[in-house]
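Notes for the one structure printed next.
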Amino acid sequence: MDVTIPILILAIPLTMFLLLGIAGCKMSHRTAGILGCLGMGTVLVLAYYTAAQYFFSGNELFGADGVRLQHIVFNQTWLEFTPTMAIKLGFLLDPISAMMLVVITTISFMVHLYSMGYMRDHHGVYEHGFQRFYAFLSLFSFSMLGLVVATNIFQMYIFWELVGASSYLLIGFYYVKPSAVSASKKAFIVTRFADLGFLIGILILSYYVGNFDFMNLTSSPVASLAETFSVDIAAPQHIAQIFADNAAPVFMGGSVLTWALVLIFMGGMGKSAMMPLHIWLPDAMEGPTPVSALIHAATMVVAGVYLVARLFPLYLMEDTALVIITVVGAITALYAAMVACTQLDIKRVLAFSTISQIAFMMVSLGVARPEHHEALGYMASMFHLFTHAMFKALLFLCAGAIIHAIGSNDYTDMHGLRKYMPITHWTFLIGCLAIAGIIPFSGFFSKDEILSACLGYDWVAYVWMSLVAGLTAFYMFRLYFLIFWWKEHKIHEGHHAPHDQAWTMSLPLIILAAISCVAGFIPFGELVSWNGHPYDFMAHFDWSVAGISLAIAVAGIALAWVMYRRENALPEKFRNAVPALWTWCYHRFYWDELYMFITHKIIFGGICRPLAWFDRNIIDGTMDSFAAVTNKASEAIRPLQSGQIQMYVWYYLIGVLALAGICAACIL
Amino acid sequence: MLTNPLIYFVVIPLLMLAGIGLCNNRNVGAIRAVAVIGSLALLTLSTFLLVDFLGQRAAGADAAMLFVNDTVVWFAPLNIHLAIGVDGISVAMLMLSSIILFTGTFASWKIDQPKEFFLWLILLSTGVFGFFISIDLFTMFMFYEVALIPMYLLIGVWGSGRKNYSAMKLTLMLMGGSAFLMLGLIGIYYHSAADGNLTWNILTIAANDAIPHGWQNFLFPMTFVGFGVLGAMFPFHTWSPDGHASAPTAVSMLHAGVLMKLGGYGCFRVAIYLMPYAAAELSYIFLILTGISVVYGAFCACVKTDLKYINAYSSVSHCGLVLFAILMLNTTAMTGAIMQMLSHGLMTALFFALIGMIYGRTHTREITKMGGLMKIMPFLGVCYVIAGMASLGLPGLSGFVSEMTIFVGSFMHADMFHRVFTIVACCSIVITAVYILRVVGKLLFGPVYDEHHLSLTDAEWWERLSTVTLIIAVAAIGCFPNFFVDLINKTFTPEIFSVLGMTSTAL
């Protein structure tokens, strides 16, 4: 395969970042925006072309006998540690990376276009730092694309850090606002902490394995084709054997391989906001809404899922690690869904819904086993990642349109908007139907497969996740009814009535809504599966599971209908019936307070301050006291040099007598 | 001797000293001109040296040191020579020193009493350059002292705050280190050869490998601690925060950027290179000390409110990592250590330059008394963010490549203890993020704290030149690390590892 297009896919966003970052302040807002959109549009076309080539061209590099292969387009050594261990920067094409190219460029282009309208006020005046915004968006797109095409785990780590930094810059875009500054700081530090686990995991893995290549960890080379690999259970078995042969010590009940995999998953937990490292994501909503749609809903936050999927064959070697992933995912899904039912800020509801949906994907990976339905969970997880990216970006962009029109994030300022913003209303409704899992919208198909995969693994997981699916339908329609129904919209004096937005903002909504309607019919199993073998998911389709999940979703929507369609006292009554539960959910189970306590009281108050005191008073005090003792000693012997001749004669006499005494003592 | 390009690293500063000495006190333009031309000449010279060095390496020159000249005798009875020579590490260090001298000159464009200031600054640089080209222990030590003494005057006269206390403390502590070092060096001299032909020449001593292991265990701590004081090793680091806080901008830049590297370089060139057995045997003790430096420095930086204190503690942490990696005694970790020296030198110099520029405008370094500077001085703000990102190890900037090389290299160590300590050292990446983002958030972002700051201006041209040069250097290391790895890596020739009694691949 020709390397030009893959290189351009990465180079164009990087060039845009440098161009807009360095020369942006010299050009007009409009030019910068158009340049950004054009750049991303080109990347979109190139990425679609590449993905189409990969999936449909029939090139034997990408697949033989109907099995999809992994192909390395280029792989350049960037930093060499030893002749065998090196960080390479490369471009890997395989089913999931090709799918991610499509997801990232689609959402990123929509967001670029949307921001042309969003990042200006009602008089059409562009916001301060508009060029900077596009520069950061380009940096993010570059980093995210680099992450998904990584050929080795260290390349992934590099771009992992870069997406973290661009997320930091974009959350803190309104840098004058203290809340945005602290949110960006929190996001960076929490994910950095998770990355520490990721890094240690990489170190442990590479210590035993001897290099960082994904190909070595999960796949075997295809004999006849250069730089082409097939995912094959023999490769991870070989790796597991290396660990077993080294008889590495068992640490806290886990083998070294388990620990390495769990630590790597910890990195994924940070980025994908799994409990207990989820606390940064709701705060990250301080960033501009298009950023939330791109980074904190569709792309960056699924990096953790992507990481586990990338190493999935290796995870299959350690059941403990997969069980941990399942448990963490299941708890997070329920927790986030419960919290989402009580929040007032519409972006926060969406943020918690994102956490909950990503947890669905994690659970789906955690329950996937080749022996159950040929690892249906893997395919379902990737499918849900795809559909979720589309409908969640749609929901966020709708929320952005509403916030732009109303000037507030709080649904109590909204209500009854369906008459004023019809396009937003209908597209938002489509997004809600998709996430709730109503046939034929895309969420129905992907979520149904996740539930089937859970049922194949364990009935507890199935019941648990179905409950969460019901809650999802409930809280999304609660949000929908509260924004668009509930009561008549109250227009404040001196304000215009809210209205639909410019075409740059409406067009992305309509496109994403259209994708959400039809994406479910993509024969996803034929494109993506854990080992590249096409997967006939109709053969594993279970109508009873589908029927039950549909019934649960409808029940959730019906409940929301009853409680929130018209202004009534039911929500209040419900709240008073379970005050403790409601308060805990409303305060997000006090995780933020717990973290505040740990960072301020324990780390700052208990470690940093005492250490700083110790440094100044004990360590430095010792050094100072050396000087002081020297000073005192010289002060003490100084009087001996008084300059008085009588004193010197006196000392002389004492000396002579003493010497005489000693001599006498010796002689006698 | 004069045909050897290396000697000009000492000759040019001496000519600069003469030139500035001849300038009239009030003729600031002439003084600046001499300083700029001289530092530019040094920068050019080090670039040519780099190119020539790589050319010779590519042509197959595989001796440990190139450009060696050890024929000039200074004092025959004690075998003291003016012996010079460089390997990849010294070439990198010379490059670093000349970049920092160049940018430091621009950062002190508006200094008071420029004549005296530049005289002392260039004398200090003479010592630094001389140190890096020397391969005779005695000459090396002499240049080391030449580099340390001007610091006392530079801080004492041009400094701020408790400058007399800081200058005295810095000088005394470093002199204390020198005393250990002198003992160590004399000990090495008396065991330099088994056949009685005593020598100070590093290459000969290494080739002789005559220091008995018992003596190594005694002399290694002497030299390691002696240089370690300058490398801000716990618990001998306390001169650093006070010294940096009081020093003027260019001096802080040179001190953190280059002088602290003398410590790390010396630890490698003398302690490890000449006494590898003791290094392997005693590495436990020093790993604990340097491991503490790494984490402890970072924790202390989290609660300081003076910008210079924060950076001084951050330097303790980063330089701790240099010594930590050197002790791992394998190619990858040692390469990482040298990369970290380059990286830390450049980014700390950038930090101190920016702090000096901010201080010159706001007249305070307390982060509690500033805020929202990004809005007022966007150029300096952006540069500060870039420096911060380099410091916390963002890929694409120098901090990431050096730290990762160190972590990967250290984790390759066969011993469990070393690997566990590597994990401890890894934790610093999180703590670094905490204190960097805390400063950036408070200093640059948020609302403007003090209304008087609203009238301040952004960077002048000489300030822009200085910071942009450093940022380009930081990004160059971060984007093309393999070039530097090749330069450094080839230095760890089989000869060194034969001294270490190990093979480079087995490590």
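Labels used: A, B, ... for chains in the order of the structure tokens, numbers from 1 for residues in each chain, and numbers from 1 for ligands as shown.
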Using only C-alpha atoms, determine which residues lie at most 6 Å from range 363-374 of chain A, disregarding the query and same-chain residues fewer than 5 positions distant; provide the list as a PyMOL selection string. chain A and resi 322+325-326+329+381+450+457
Next, the residues of the selection above should be written as an mmCIF file, in the first residue's frame with C-alpha atoms.
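And here is the file that came out, part34.cif:
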```cif
data_model
loop_
_atom_site.group_PDB
_atom_site.id
_atom_site.type_symbol
_atom_site.label_atom_id
_atom_site.label_comp_id
_atom_site.auth_asym_id
_atom_site.auth_seq_id
_atom_site.Cartn_x
_atom_site.Cartn_y
_atom_site.Cartn_z
ATOM 1 C CA LEU A 322 -10.932 -9.583 32.186
ATOM 2 C CA ILE A 325 -12.527 -5.091 33.616
ATOM 3 C CA THR A 326 -16.055 -6.489 33.769
ATOM 4 C CA GLY A 329 -17.262 -1.531 34.012
ATOM 5 C CA SER A 381 -18.118 -3.333 22.049
ATOM 6 C CA ILE A 450 -23.753 -6.229 24.344
ATOM 7 C CA TYR A 457 -21.157 -14.971 29.987
#
```
What residues in chain B have any atom no more than 6 Å from chain A when counting only C-alpha atoms, and can you write them as a list in words? Thr238, Phe299, Cys300, Thr332, Pro395, Val430, Phe445, Gly446, Pro447, Pro481 and Asn482 of chain B
So that I have them on file, write out the residues from the current selection with C-alpha atoms, as a PDB file, in the first residue's frame.
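What follows is the written file result07.pdb:
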```pdb
ATOM      1  CA  THR B 238      19.857  22.870  50.094  1.00  0.00           C
ATOM      2  CA  PHE B 299       6.906  16.956  46.652  1.00  0.00           C
ATOM      3  CA  CYS B 300       8.666  20.015  48.059  1.00  0.00           C
ATOM      4  CA  THR B 332      20.182   2.745  27.841  1.00  0.00           C
ATOM      5  CA  PRO B 395       5.996  13.882  23.972  1.00  0.00           C
ATOM      6  CA  VAL B 430       2.573  12.588  38.400  1.00  0.00           C
ATOM      7  CA  PHE B 445      -4.591  31.605  33.830  1.00  0.00           C
ATOM      8  CA  GLY B 446      -7.542  32.863  35.774  1.00  0.00           C
ATOM      9  CA  PRO B 447      -8.465  36.511  36.289  1.00  0.00           C
ATOM     10  CA  PRO B 481      15.783  11.977  19.792  1.00  0.00           C
ATOM     11  CA  ASN B 482      17.563   9.308  17.805  1.00  0.00           C
TER      12      ASN B 482
END
```
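Checking B:Ala210, B:Ala58, B:Val448, B:Ala194 one by one against Lys490 in chain B, counting only C-alpha atoms, you find the shortest gap at B:Ala58.
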If you count only C-alpha atoms, the residue of A:Asn568, A:Thr504, A:Thr630, A:Thr354 closest to Arg120 in chain A turns out to be A:Thr504
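Taking only C-alpha atoms, the non-local environment of range 337-339 of chain B within 8 Å (same-chain residues fewer than 4 positions away omitted) comprises Ile89, Leu321, Val322, Leu323, Ala325, Ile326, Ala333, Ser343, Val401, Ser402, Ile406, Phe484, Val485 and Ile488 of chain B.
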Would you put the residues from that selection into a file with C-alpha atoms, as a PDB file, in the first residue's frame?
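For reference, result09.pdb as written:
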```pdb
ATOM      1  CA  ILE B  89      28.877  13.255  25.811  1.00  0.00           C
ATOM      2  CA  LEU B 321      17.001  11.381  37.954  1.00  0.00           C
ATOM      3  CA  VAL B 322      20.318  11.963  36.157  1.00  0.00           C
ATOM      4  CA  LEU B 323      22.380  10.507  38.996  1.00  0.00           C
ATOM      5  CA  ALA B 325      20.106   6.629  35.903  1.00  0.00           C
ATOM      6  CA  ILE B 326      23.902   6.790  35.852  1.00  0.00           C
ATOM      7  CA  ALA B 333      19.852   4.264  31.287  1.00  0.00           C
ATOM      8  CA  SER B 343      16.927  18.334  28.424  1.00  0.00           C
ATOM      9  CA  VAL B 401      12.406  11.219  25.578  1.00  0.00           C
ATOM     10  CA  SER B 402      14.960  11.552  28.319  1.00  0.00           C
ATOM     11  CA  ILE B 406      15.809   6.492  31.794  1.00  0.00           C
ATOM     12  CA  PHE B 484      21.152  12.565  20.123  1.00  0.00           C
ATOM     13  CA  VAL B 485      20.945   8.949  21.185  1.00  0.00           C
ATOM     14  CA  ILE B 488      25.755   9.747  23.024  1.00  0.00           C
TER      15      ILE B 488
END
```
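Between Ile510 in chain A and the candidates A:Met382, A:Ile598, A:Ala340, A:Gly431, the tightest atom-to-atom separation, counting only C-alpha atoms, involves A:Gly431.
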When you look at Ser466 in chain A with a cut-off of 8 Å (counting only C-alpha atoms), what residues show up, excluding the ones that are within fewer than 5 positions of it in the same chain? I need them as a PyMOL selection string. chain A and resi 451+549+552
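Excluding Pro290 in chain A itself and any same-chain residue fewer than 6 positions from it, the protein and nucleic acid residues within 10 Å of it, counting only C-alpha atoms, are Ile107, Ser108, Met110, Val111, His112, Leu113, Tyr114, Ser115, Tyr118, Met119, Leu137, His296, Ala297, Ala393, Phe396, Leu397, Cys398, Ala399, Gly400 and Ala401 of chain A.
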Write the residues of the preceding selection, restricted to C-alpha atoms, as a PDB file, in the first residue's frame.
```
ATOM      1  CA  ILE A 107     -16.846  13.605  14.325  1.00  0.00           C
ATOM      2  CA  SER A 108     -13.859  15.906  14.074  1.00  0.00           C
ATOM      3  CA  MET A 110     -18.557  17.847  12.121  1.00  0.00           C
ATOM      4  CA  VAL A 111     -17.138  19.628  15.129  1.00  0.00           C
ATOM      5  CA  HIS A 112     -14.883  21.817  12.993  1.00  0.00           C
ATOM      6  CA  LEU A 113     -17.861  22.854  10.923  1.00  0.00           C
ATOM      7  CA  TYR A 114     -20.162  23.303  13.903  1.00  0.00           C
ATOM      8  CA  SER A 115     -17.640  25.450  15.751  1.00  0.00           C
ATOM      9  CA  TYR A 118     -20.835  27.984  17.779  1.00  0.00           C
ATOM     10  CA  MET A 119     -17.721  29.975  18.594  1.00  0.00           C
ATOM     11  CA  LEU A 137      -8.674  20.992  17.579  1.00  0.00           C
ATOM     12  CA  HIS A 296     -15.243  13.873  25.950  1.00  0.00           C
ATOM     13  CA  ALA A 297     -17.967  11.924  24.223  1.00  0.00           C
ATOM     14  CA  ALA A 393     -21.716  13.617  19.504  1.00  0.00           C
ATOM     15  CA  PHE A 396     -23.716  17.061  22.707  1.00  0.00           C
ATOM     16  CA  LEU A 397     -23.914  19.225  19.633  1.00  0.00           C
ATOM     17  CA  CYS A 398     -27.674  19.618  20.204  1.00  0.00           C
ATOM     18  CA  ALA A 399     -26.966  20.531  23.803  1.00  0.00           C
ATOM     19  CA  GLY A 400     -24.458  23.059  22.491  1.00  0.00           C
ATOM     20  CA  ALA A 401     -27.064  24.562  20.205  1.00  0.00           C
TER      21      ALA A 401
END
```
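One distance worth recording is that between CA of Thr491 in chain B and CA of Val270 in chain B, which is 15.0 Å.
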Who sits within 8 Å of Phe411 in chain B, only C-alpha atoms, same chain under 2 positions skipped, as a short mmCIF file (atom, residue, chain, number, x, y, z; two decimals) with N, CA and C atoms, in the first residue's frame:
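Resulting contents of part-v1.cif:
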```cif
data_model
loop_
_atom_site.label_atom_id
_atom_site.label_comp_id
_atom_site.auth_asym_id
_atom_site.auth_seq_id
_atom_site.Cartn_x
_atom_site.Cartn_y
_atom_site.Cartn_z
N LEU A 203 6.38 -1.03 31.14
CA LEU A 203 7.73 -1.40 31.56
C LEU A 203 7.79 -2.88 31.92
N ILE A 204 6.79 -3.34 32.67
CA ILE A 204 6.81 -4.75 33.08
C ILE A 204 6.69 -5.65 31.86
N TYR A 207 9.84 -5.60 29.83
CA TYR A 207 10.97 -6.24 30.51
C TYR A 207 11.01 -7.74 30.18
N PHE B 407 13.63 5.53 32.28
CA PHE B 407 12.76 4.53 32.92
C PHE B 407 12.92 3.17 32.25
N VAL B 408 12.91 3.16 30.93
CA VAL B 408 13.04 1.87 30.24
C VAL B 408 14.40 1.25 30.55
N GLY B 409 15.45 2.09 30.48
CA GLY B 409 16.79 1.58 30.75
C GLY B 409 16.93 1.07 32.17
N HIS B 413 17.31 -3.33 34.37
CA HIS B 413 18.29 -3.85 35.32
C HIS B 413 17.83 -5.19 35.85
N HIS B 418 16.62 -2.60 42.05
CA HIS B 418 16.74 -1.49 41.11
C HIS B 418 15.43 -1.24 40.39
N ARG B 419 14.74 -2.32 40.05
CA ARG B 419 13.48 -2.14 39.31
C ARG B 419 12.42 -1.51 40.19
N THR B 422 12.99 2.01 40.38
CA THR B 422 12.59 2.68 39.14
C THR B 422 11.12 3.05 39.20
#
```
